[in-house]
Each structure stands twice: as C-alpha cells, then as structure tokens.
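Quick notes on the structure that follows.
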Amino acid sequence: MKFLSALSLALISVAPAFAQGVGYTDTPVIRGQKWKVHDKDRPNPAIVTPAPTFSHGAPAPSDATVLFDGTDLAGWEKDGGGDPKWKVEHGYMEVVGGSGGIHTKAEFGDAQLHIEFATPTVVKGDSQGRGNSGVFFHKQFEIQVLDSYNNKTYADGQAGALYGQWPPLVNAIKSPGEWNSYDIIFEAPQFDADGKLTKPAYATVILNGVLLHNRKEINGPTNHRATDPYKAYSGKGPISLQDHGNPTRFRNIWIRGLGQYN
Ligand code: MG
C-alpha cells in the first residue's frame with residue numbers, strides 16, 4: 001500500500017511534464033500576438049509530406065548572383081572576419097561546429113533567395129539541439145533551419161519559423177540527410193530620416209514547394225527568449241548562415257533582387 005501510494009505520487013508528479021509542450025513560460029509576449037516567445041503551449045504546425053523534389057537543384061536565372069556553386073567559399077567570410085572554416089565537399093558546404101557562422105561578402109536589399117539544406121543523417125540531440133542552423137537576412141532576421149522531423153520543439157523554433165515570432169504554417173521538412181529547398185522572398189524594413197520605422201520587413205517562405213509564410217510581417221530582429229524592436233539601418237546586408245554546433249549542409253545558393261514594376 002505504501003509502495004502504491006509512493007508510485008501514484010510519483011506518477012502524479014511526473015504526469016504534467018509529459019502533458020506539457022517543449023518551450024518556455026517565462027518569456028515576454030510577442031508584440032501583436034497572444035503567444036509568448038517560444039511559448040510551450042503554442043500548437044505545433046501540422047505535418048505536410050512534401051513531394052520528392054520542387055526547386056531542388058534549380059539552376060540560377062541569368063540575373064541572379066550565385067552565392068555558392070558547390071566549389072568554394074570565396075564569396076563568404078567568417079562572422080567577425082577571416083576565412084570560413086566550414087567544410088566544402090561533394091558540392092555542398094557543411095557547418096563545422098564551433099568555427100563560427102559565415103556571411104556573404106556582398107550585401108543585398110529586397111531579394112529572392114534560393115538555398116538548399118540537409119540536416120545531419122546521424123540524428124543527435126533533440127529540440128533546438130538537432131540539425132539547428134539558420135538563414136539570416138542582414139544579420140538580423142532568421143529563417144530557422146532545424147531537423148523538425150519527428151523532433152519535438154517549440155512552434156516558433158520549427159524549420160521555417162521566423163524564429164521566435166511566427167511558426168511555419170505547416171511542417172514540411174524532409175527526413176534527416178535529405179535535401180530541402182528554400183525559396184524565400186525577403187523585403188527589408190524601411191526607416192525615415194529620423195530612424196523611425198516606415199515599413200516592417202516581410203518574408204515569404206516556400207519549403208520543398210510548400211508555403212510556410214505568405215508575405216508575413218517580421219516583428220523585429222530575431223532573438224532568443226526576447227522580443228526586440230527594430231533599429232534603423234540601411235536596409236541592406238549580407239546573407240548569413242548560423243553555426244549552432246550541428247553539421248548541417250547547404251548547397252546551390254543564389255539570390256536576385258526583386259526589381260520594380262514599370
Ligand atoms: Mg537557428
């Protein structure tokens with residue numbers, strides 16, 4: 001009897017942990033939303049199985065700038081300066097954990113970006129520790145890269161999340177080791193002469209042919225467990241790839257400006 005009571009007490013104390021999602025309860029509310037940053041109670045997006053290919057291997061159009069063609073990192077530098085230490089082989093680059101993130105030497109404004117990524121075939125870690133990297137615009141705005149395949153994590157940290165702000169509409173990640181394609185349209189924020197925000201940033205994100213965000217407003221610079229306001233800048237910046245300690249791979253990266261209607 002004593003044993004049973006102890007057991008049921010143990011079960012009661014353990015049960016809530018299983019009932020809870022992964023995430024936080026002590027973070028600020030995201031501006032304009034009802035959810036907190038990385039809210040553990042925010043529902044995870046539904047899973048959509050993408051078709052085998054969409055824009056995978058898509059060659060760059062004539063007016064695009066090729067940022068990585070599989071051969072070298074000549075167009076890139078290490079965050080903080082210097083040559084990147086990431087591995088380049090078999091037509092892809094791979095994050096070398098601890099060597100630092102990398103960014104393009106060139107800067108861009110409003111842009112259409114094509115980039116492909118594969119999360120590690122050998123599954124290690126969980127939640128945000130599994131296949132984590134990220135595509136940053138202007139060193140401020142992250143489109144999350146994560147192995148979200150059978151991996152519980154908070155909704156606004158899933159692959160394709162506008163990290164810490166908007167979960168993807170659906171979870172369309174491929175299984176570990178498979179190539180995913182991102183087609184991203186990014187509109188930079190605009191500021192007036194006094195540095196006041198006149199137009200926020202927007203992102204449209206297609207993962208493996210599946211829409212994750214349709215010109216979604218970005219609330220401000222990406223942060224972890226925090227919600228930051230915009231700070232005035234030129235509206236131009238590099239494309240960065242995050243070193244989050246996981247050997248995530250990237251290939252076939254090109255970018256083109258959005259242009260203007262006549
Ligand atoms: Mg990341």
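Residues in the structure tokens are named by chain (A, B, ... in the order shown) and by number from 1 within that chain; ligands are numbered from 1 in the order shown.
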Compute the set of protein, DNA and RNA residues whose minimum atom distance to ligand 1 is at most 8 Å, using only C-alpha atoms and all ligand atoms, and state it as a tab-separated table (two decimals) with N, CA and C atoms, in the first residue's frame.
chain	number	residue	atom	x	y	z
A	128	GLN	N	15.93	22.04	-30.02
A	128	GLN	CA	16.75	23.02	-30.76
A	128	GLN	C	18.19	22.55	-30.95
A	132	ASN	N	20.26	22.17	-36.04
A	132	ASN	CA	19.95	23.61	-35.99
A	132	ASN	C	20.98	24.40	-36.79
A	133	SER	N	20.50	25.27	-37.64
A	133	SER	CA	21.30	26.32	-38.26
A	133	SER	C	20.30	27.44	-38.55
A	134	GLY	N	20.55	28.24	-39.52
A	134	GLY	CA	19.60	29.30	-39.83
A	134	GLY	C	20.09	30.13	-40.99
A	135	VAL	N	19.14	30.70	-41.70
A	135	VAL	CA	19.43	31.63	-42.78
A	135	VAL	C	19.05	33.01	-42.26
A	142	GLU	N	16.13	35.84	-38.83
A	142	GLU	CA	16.43	34.42	-39.08
A	142	GLU	C	15.22	33.64	-39.59
A	143	ILE	N	15.45	32.94	-40.69
A	143	ILE	CA	14.53	31.87	-41.11
A	143	ILE	C	15.17	30.60	-40.55
A	144	GLN	N	14.48	29.94	-39.67
A	144	GLN	CA	15.09	28.82	-38.95
A	144	GLN	C	15.39	27.63	-39.85
A	145	VAL	N	16.53	27.03	-39.62
A	145	VAL	CA	16.87	25.73	-40.20
A	145	VAL	C	16.97	24.77	-39.02
A	146	LEU	N	16.22	23.68	-39.08
A	146	LEU	CA	16.21	22.72	-37.96
A	146	LEU	C	15.76	21.37	-38.49
A	157	GLY	N	10.13	27.74	-33.21
A	157	GLY	CA	11.52	27.34	-33.46
A	157	GLY	C	11.62	26.23	-34.49
A	163	TYR	N	12.05	32.89	-36.61
A	163	TYR	CA	12.41	32.39	-35.28
A	163	TYR	C	11.95	33.31	-34.14
A	242	GLN	N	24.05	30.16	-39.92
A	242	GLN	CA	24.35	30.05	-38.49
A	242	GLN	C	25.16	28.79	-38.16
A	244	HIS	N	25.28	26.56	-35.24
A	244	HIS	CA	24.62	26.23	-33.97
A	244	HIS	C	25.18	24.91	-33.44
message: Which residues are near Gly81 in chain A? Cut-off 12 Å, only C-alpha atoms, ignore same chain within fewer than 2 positions. Put them as a list of chain:residue names.
response: A:Trp76, A:Glu77, A:Lys78, A:Asp79, A:Asp83, A:Pro84, A:Lys85, A:Ser99, A:Gly100, A:Gly101, A:Ile102, A:His103, A:Thr104, A:Lys105
- request: Using only C-alpha atoms, pick whichever of A:Asn208, A:Gln112, A:Ser62, A:Ser175 has the shortest atom-to-atom distance to Gly131 in chain A.
  value: A:Ser175
- prompt: What lies within 12 Å of Glu89 in chain A using only C-alpha atoms, ignoring chain neighbours under 6 positions off, as a ChimeraX atom specification?
  reply: /A:69-73,95,249-251
- request: Using only C-alpha atoms, pick whichever of A:Lys152, A:Tyr230, A:Glu94, A:Ile206 has the shortest atom-to-atom distance to Gly129 in chain A.
  value: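 The closest residue to Gly129 in chain A is A:Lys152.
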Apply DSSP to the structure's backbone, then extract all residues of range 140-237 of chain A labelled strand (DSSP E) and return them as a PDB file with N, CA and C atoms, in the first residue's frame.
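Output file part18.pdb is given in full below:
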ATOM      1  N   PHE A 141      17.547  38.881 -39.207  1.00  0.00           N
ATOM      2  CA  PHE A 141      16.252  38.207 -39.325  1.00  0.00           C
ATOM      3  C   PHE A 141      16.474  36.754 -39.741  1.00  0.00           C
ATOM      4  N   GLU A 142      16.131  35.837 -38.832  1.00  0.00           N
ATOM      5  CA  GLU A 142      16.427  34.424 -39.080  1.00  0.00           C
ATOM      6  C   GLU A 142      15.219  33.643 -39.591  1.00  0.00           C
ATOM      7  N   ILE A 143      15.445  32.942 -40.693  1.00  0.00           N
ATOM      8  CA  ILE A 143      14.530  31.874 -41.106  1.00  0.00           C
ATOM      9  C   ILE A 143      15.174  30.603 -40.552  1.00  0.00           C
ATOM     10  N   GLN A 144      14.484  29.939 -39.668  1.00  0.00           N
ATOM     11  CA  GLN A 144      15.092  28.820 -38.948  1.00  0.00           C
ATOM     12  C   GLN A 144      15.385  27.628 -39.852  1.00  0.00           C
ATOM     13  N   VAL A 145      16.531  27.027 -39.617  1.00  0.00           N
ATOM     14  CA  VAL A 145      16.874  25.728 -40.198  1.00  0.00           C
ATOM     15  C   VAL A 145      16.974  24.767 -39.018  1.00  0.00           C
ATOM     16  N   VAL A 170       2.899  25.184 -41.828  1.00  0.00           N
ATOM     17  CA  VAL A 170       2.929  23.722 -41.701  1.00  0.00           C
ATOM     18  C   VAL A 170       4.381  23.271 -41.550  1.00  0.00           C
ATOM     19  N   ASN A 171       4.538  22.025 -41.143  1.00  0.00           N
ATOM     20  CA  ASN A 171       5.869  21.429 -41.030  1.00  0.00           C
ATOM     21  C   ASN A 171       6.106  20.560 -42.268  1.00  0.00           C
ATOM     22  N   TRP A 179      17.777  16.399 -48.933  1.00  0.00           N
ATOM     23  CA  TRP A 179      17.894  17.811 -49.277  1.00  0.00           C
ATOM     24  C   TRP A 179      16.530  18.479 -49.276  1.00  0.00           C
ATOM     25  N   ASN A 180      16.509  19.662 -48.650  1.00  0.00           N
ATOM     26  CA  ASN A 180      15.326  20.540 -48.620  1.00  0.00           C
ATOM     27  C   ASN A 180      15.620  21.765 -49.464  1.00  0.00           C
ATOM     28  N   SER A 181      14.604  22.322 -50.095  1.00  0.00           N
ATOM     29  CA  SER A 181      14.795  23.580 -50.832  1.00  0.00           C
ATOM     30  C   SER A 181      13.986  24.695 -50.178  1.00  0.00           C
ATOM     31  N   TYR A 182      14.667  25.820 -49.986  1.00  0.00           N
ATOM     32  CA  TYR A 182      14.019  27.049 -49.538  1.00  0.00           C
ATOM     33  C   TYR A 182      13.969  28.019 -50.695  1.00  0.00           C
ATOM     34  N   ASP A 183      12.811  28.590 -50.942  1.00  0.00           N
ATOM     35  CA  ASP A 183      12.698  29.741 -51.827  1.00  0.00           C
ATOM     36  C   ASP A 183      12.078  30.840 -50.982  1.00  0.00           C
ATOM     37  N   ILE A 184      12.851  31.878 -50.758  1.00  0.00           N
ATOM     38  CA  ILE A 184      12.491  32.906 -49.783  1.00  0.00           C
ATOM     39  C   ILE A 184      12.451  34.268 -50.479  1.00  0.00           C
ATOM     40  N   ILE A 185      11.394  35.007 -50.229  1.00  0.00           N
ATOM     41  CA  ILE A 185      11.331  36.397 -50.709  1.00  0.00           C
ATOM     42  C   ILE A 185      11.342  37.287 -49.477  1.00  0.00           C
ATOM     43  N   PHE A 186      12.343  38.123 -49.420  1.00  0.00           N
ATOM     44  CA  PHE A 186      12.535  38.974 -48.238  1.00  0.00           C
ATOM     45  C   PHE A 186      12.446  40.439 -48.634  1.00  0.00           C
ATOM     46  N   GLU A 187      11.606  41.171 -47.932  1.00  0.00           N
ATOM     47  CA  GLU A 187      11.527  42.622 -48.113  1.00  0.00           C
ATOM     48  C   GLU A 187      12.121  43.264 -46.873  1.00  0.00           C
ATOM     49  N   GLN A 190      12.039  49.521 -43.814  1.00  0.00           N
ATOM     50  CA  GLN A 190      12.426  50.876 -44.246  1.00  0.00           C
ATOM     51  C   GLN A 190      12.249  51.841 -43.078  1.00  0.00           C
ATOM     52  N   PHE A 191      13.067  52.868 -43.069  1.00  0.00           N
ATOM     53  CA  PHE A 191      13.080  53.841 -41.979  1.00  0.00           C
ATOM     54  C   PHE A 191      13.102  55.250 -42.578  1.00  0.00           C
ATOM     55  N   LEU A 197      10.645  53.586 -38.030  1.00  0.00           N
ATOM     56  CA  LEU A 197      10.230  52.523 -38.947  1.00  0.00           C
ATOM     57  C   LEU A 197       9.045  52.982 -39.790  1.00  0.00           C
ATOM     58  N   THR A 198       9.183  52.915 -41.122  1.00  0.00           N
ATOM     59  CA  THR A 198       8.058  53.281 -42.003  1.00  0.00           C
ATOM     60  C   THR A 198       7.464  52.060 -42.685  1.00  0.00           C
ATOM     61  N   LYS A 199       8.218  50.983 -42.738  1.00  0.00           N
ATOM     62  CA  LYS A 199       7.705  49.726 -43.315  1.00  0.00           C
ATOM     63  C   LYS A 199       8.466  48.573 -42.670  1.00  0.00           C
ATOM     64  N   TYR A 202       9.213  41.879 -44.404  1.00  0.00           N
ATOM     65  CA  TYR A 202       8.262  40.810 -44.709  1.00  0.00           C
ATOM     66  C   TYR A 202       9.026  39.619 -45.270  1.00  0.00           C
ATOM     67  N   ALA A 203       8.497  38.439 -44.996  1.00  0.00           N
ATOM     68  CA  ALA A 203       9.111  37.240 -45.574  1.00  0.00           C
ATOM     69  C   ALA A 203       8.042  36.317 -46.137  1.00  0.00           C
ATOM     70  N   THR A 204       8.325  35.817 -47.333  1.00  0.00           N
ATOM     71  CA  THR A 204       7.542  34.745 -47.941  1.00  0.00           C
ATOM     72  C   THR A 204       8.489  33.548 -48.029  1.00  0.00           C
ATOM     73  N   VAL A 205       8.056  32.420 -47.508  1.00  0.00           N
ATOM     74  CA  VAL A 205       8.960  31.263 -47.442  1.00  0.00           C
ATOM     75  C   VAL A 205       8.266  30.023 -47.992  1.00  0.00           C
ATOM     76  N   ILE A 206       8.920  29.393 -48.950  1.00  0.00           N
ATOM     77  CA  ILE A 206       8.433  28.122 -49.503  1.00  0.00           C
ATOM     78  C   ILE A 206       9.485  27.060 -49.215  1.00  0.00           C
ATOM     79  N   LEU A 207       9.067  26.011 -48.519  1.00  0.00           N
ATOM     80  CA  LEU A 207       9.968  24.900 -48.186  1.00  0.00           C
ATOM     81  C   LEU A 207       9.523  23.666 -48.964  1.00  0.00           C
ATOM     82  N   VAL A 210       6.168  23.912 -50.493  1.00  0.00           N
ATOM     83  CA  VAL A 210       5.046  24.097 -49.577  1.00  0.00           C
ATOM     84  C   VAL A 210       5.173  25.470 -48.917  1.00  0.00           C
ATOM     85  N   LEU A 211       4.101  26.265 -48.993  1.00  0.00           N
ATOM     86  CA  LEU A 211       4.162  27.626 -48.452  1.00  0.00           C
ATOM     87  C   LEU A 211       4.176  27.608 -46.918  1.00  0.00           C
ATOM     88  N   LEU A 212       5.178  28.257 -46.350  1.00  0.00           N
ATOM     89  CA  LEU A 212       5.272  28.363 -44.879  1.00  0.00           C
ATOM     90  C   LEU A 212       4.866  29.738 -44.381  1.00  0.00           C
ATOM     91  N   HIS A 213       5.146  30.776 -45.174  1.00  0.00           N
ATOM     92  CA  HIS A 213       4.763  32.157 -44.819  1.00  0.00           C
ATOM     93  C   HIS A 213       4.406  32.900 -46.096  1.00  0.00           C
ATOM     94  N   ASN A 214       3.304  33.614 -46.067  1.00  0.00           N
ATOM     95  CA  ASN A 214       2.878  34.406 -47.211  1.00  0.00           C
ATOM     96  C   ASN A 214       3.021  35.883 -46.872  1.00  0.00           C
ATOM     97  N   ARG A 215       4.133  36.468 -47.280  1.00  0.00           N
ATOM     98  CA  ARG A 215       4.439  37.888 -47.005  1.00  0.00           C
ATOM     99  C   ARG A 215       4.087  38.226 -45.550  1.00  0.00           C
ATOM    100  N   LYS A 216       4.689  37.471 -44.674  1.00  0.00           N
ATOM    101  CA  LYS A 216       4.416  37.642 -43.242  1.00  0.00           C
ATOM    102  C   LYS A 216       5.262  38.763 -42.675  1.00  0.00           C
ATOM    103  N   GLU A 217       4.624  39.604 -41.877  1.00  0.00           N
ATOM    104  CA  GLU A 217       5.355  40.717 -41.267  1.00  0.00           C
ATOM    105  C   GLU A 217       6.295  40.208 -40.180  1.00  0.00           C
TER     106      GLU A 217
END
- request: Could you give me, as an NGL selection string, the residues within 6 Å of Asp39 in chain A, counting only C-alpha atoms and dropping anything in the same chain fewer than 3 positions from it?
  value: :A and (23-24 or 36 or 42)
Could the residues in this selection be written to a file with all heavy atoms, as an mmCIF file, in the first residue's frame?
data_model
loop_
_atom_site.group_PDB
_atom_site.id
_atom_site.type_symbol
_atom_site.label_atom_id
_atom_site.label_comp_id
_atom_site.auth_asym_id
_atom_site.auth_seq_id
_atom_site.Cartn_x
_atom_site.Cartn_y
_atom_site.Cartn_z
ATOM 1 N N GLY A 23 9.205 24.140 -24.521
ATOM 2 C CA GLY A 23 9.289 25.588 -24.701
ATOM 3 C C GLY A 23 9.344 26.299 -23.375
ATOM 4 O O GLY A 23 9.758 25.718 -22.370
ATOM 5 N N TYR A 24 8.925 27.543 -23.386
ATOM 6 C CA TYR A 24 9.103 28.402 -22.220
ATOM 7 C C TYR A 24 7.774 28.985 -21.735
ATOM 8 O O TYR A 24 6.813 29.099 -22.490
ATOM 9 C CB TYR A 24 10.052 29.547 -22.569
ATOM 10 C CG TYR A 24 11.447 29.082 -22.914
ATOM 11 C CD1 TYR A 24 11.781 28.758 -24.232
ATOM 12 C CD2 TYR A 24 12.429 28.939 -21.937
ATOM 13 C CE1 TYR A 24 13.060 28.327 -24.555
ATOM 14 C CE2 TYR A 24 13.703 28.510 -22.251
ATOM 15 C CZ TYR A 24 14.015 28.212 -23.567
ATOM 16 O OH TYR A 24 15.275 27.775 -23.875
ATOM 17 N N LYS A 36 3.600 33.846 -26.080
ATOM 18 C CA LYS A 36 4.923 34.269 -25.616
ATOM 19 C C LYS A 36 5.993 33.777 -26.597
ATOM 20 O O LYS A 36 5.744 32.875 -27.386
ATOM 21 C CB LYS A 36 5.203 33.659 -24.232
ATOM 22 C CG LYS A 36 4.305 34.224 -23.153
ATOM 23 C CD LYS A 36 4.550 33.527 -21.843
ATOM 24 C CE LYS A 36 3.724 34.209 -20.756
ATOM 25 N NZ LYS A 36 3.769 33.465 -19.491
ATOM 26 N N ARG A 42 2.031 26.952 -27.453
ATOM 27 C CA ARG A 42 1.639 27.289 -28.821
ATOM 28 C C ARG A 42 1.581 26.008 -29.647
ATOM 29 O O ARG A 42 2.552 25.233 -29.671
ATOM 30 C CB ARG A 42 2.649 28.270 -29.429
ATOM 31 C CG ARG A 42 2.184 28.873 -30.740
ATOM 32 C CD ARG A 42 3.053 30.049 -31.146
ATOM 33 N NE ARG A 42 2.398 30.809 -32.195
ATOM 34 C CZ ARG A 42 2.783 32.010 -32.611
ATOM 35 N NH1 ARG A 42 3.838 32.586 -32.059
ATOM 36 N NH2 ARG A 42 2.135 32.655 -33.563
#
- prompt: Out of A:Gly209, A:Pro168, A:Pro221, A:Gly257, which residue has the shortest atom-to-atom distance to Phe108 in chain A when counting only C-alpha atoms?
  reply: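 Of A:Gly209, A:Pro168, A:Pro221, A:Gly257, the one nearest Phe108 in chain A is A:Gly257, counting only C-alpha atoms.
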query: Of the candidates A:Leu113, A:Leu67, A:Ala60, A:Ile218, which one gets nearest to Ala161 in chain A if we count only C-alpha atoms?
result: A:Ile218
query: Expressed in Å to a single decimal, how great is the separation between CA of Pro176 in chain A and CA of Thr121 in chain A?
result: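 One can read the CA of Pro176 in chain A to CA of Thr121 in chain A distance as 4.8 Å.
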field: Nearest to Asp243 in chain A, chosen from A:Pro167, A:Gly98, A:Gly125, A:Pro200, with only C-alpha atoms counted in the distances
entry: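 Closest to Asp243 in chain A, using only C-alpha atoms: A:Gly98.
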- request: Would you please extract all helix (DSSP H, G or I) residues from range 48-217 of chain A, as assigned by DSSP on the backbone, and give them as a VMD selection string?
  value: chain A and resid 127 to 129 155 to 157
Please dump the current selection as a PDB file, in the first residue's frame; keep C-alpha atoms.
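Result written to out_31.pdb:
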ATOM      1  CA  SER A 127      14.563  20.022 -29.804  1.00  0.00           C
ATOM      2  CA  GLN A 128      16.745  23.023 -30.762  1.00  0.00           C
ATOM      3  CA  GLY A 129      19.889  20.886 -30.482  1.00  0.00           C
ATOM      4  CA  ALA A 155       6.358  26.044 -32.538  1.00  0.00           C
ATOM      5  CA  ASP A 156       8.231  29.273 -33.272  1.00  0.00           C
ATOM      6  CA  GLY A 157      11.518  27.343 -33.464  1.00  0.00           C
TER       7      GLY A 157
END
- request: For each of A:Val122, A:Ala74, A:Val29, A:Ile255, take the minimum atom-to-atom distance to Glu178 in chain A, counting only C-alpha atoms, then give the residue where this is smallest.
  value: A:Val122
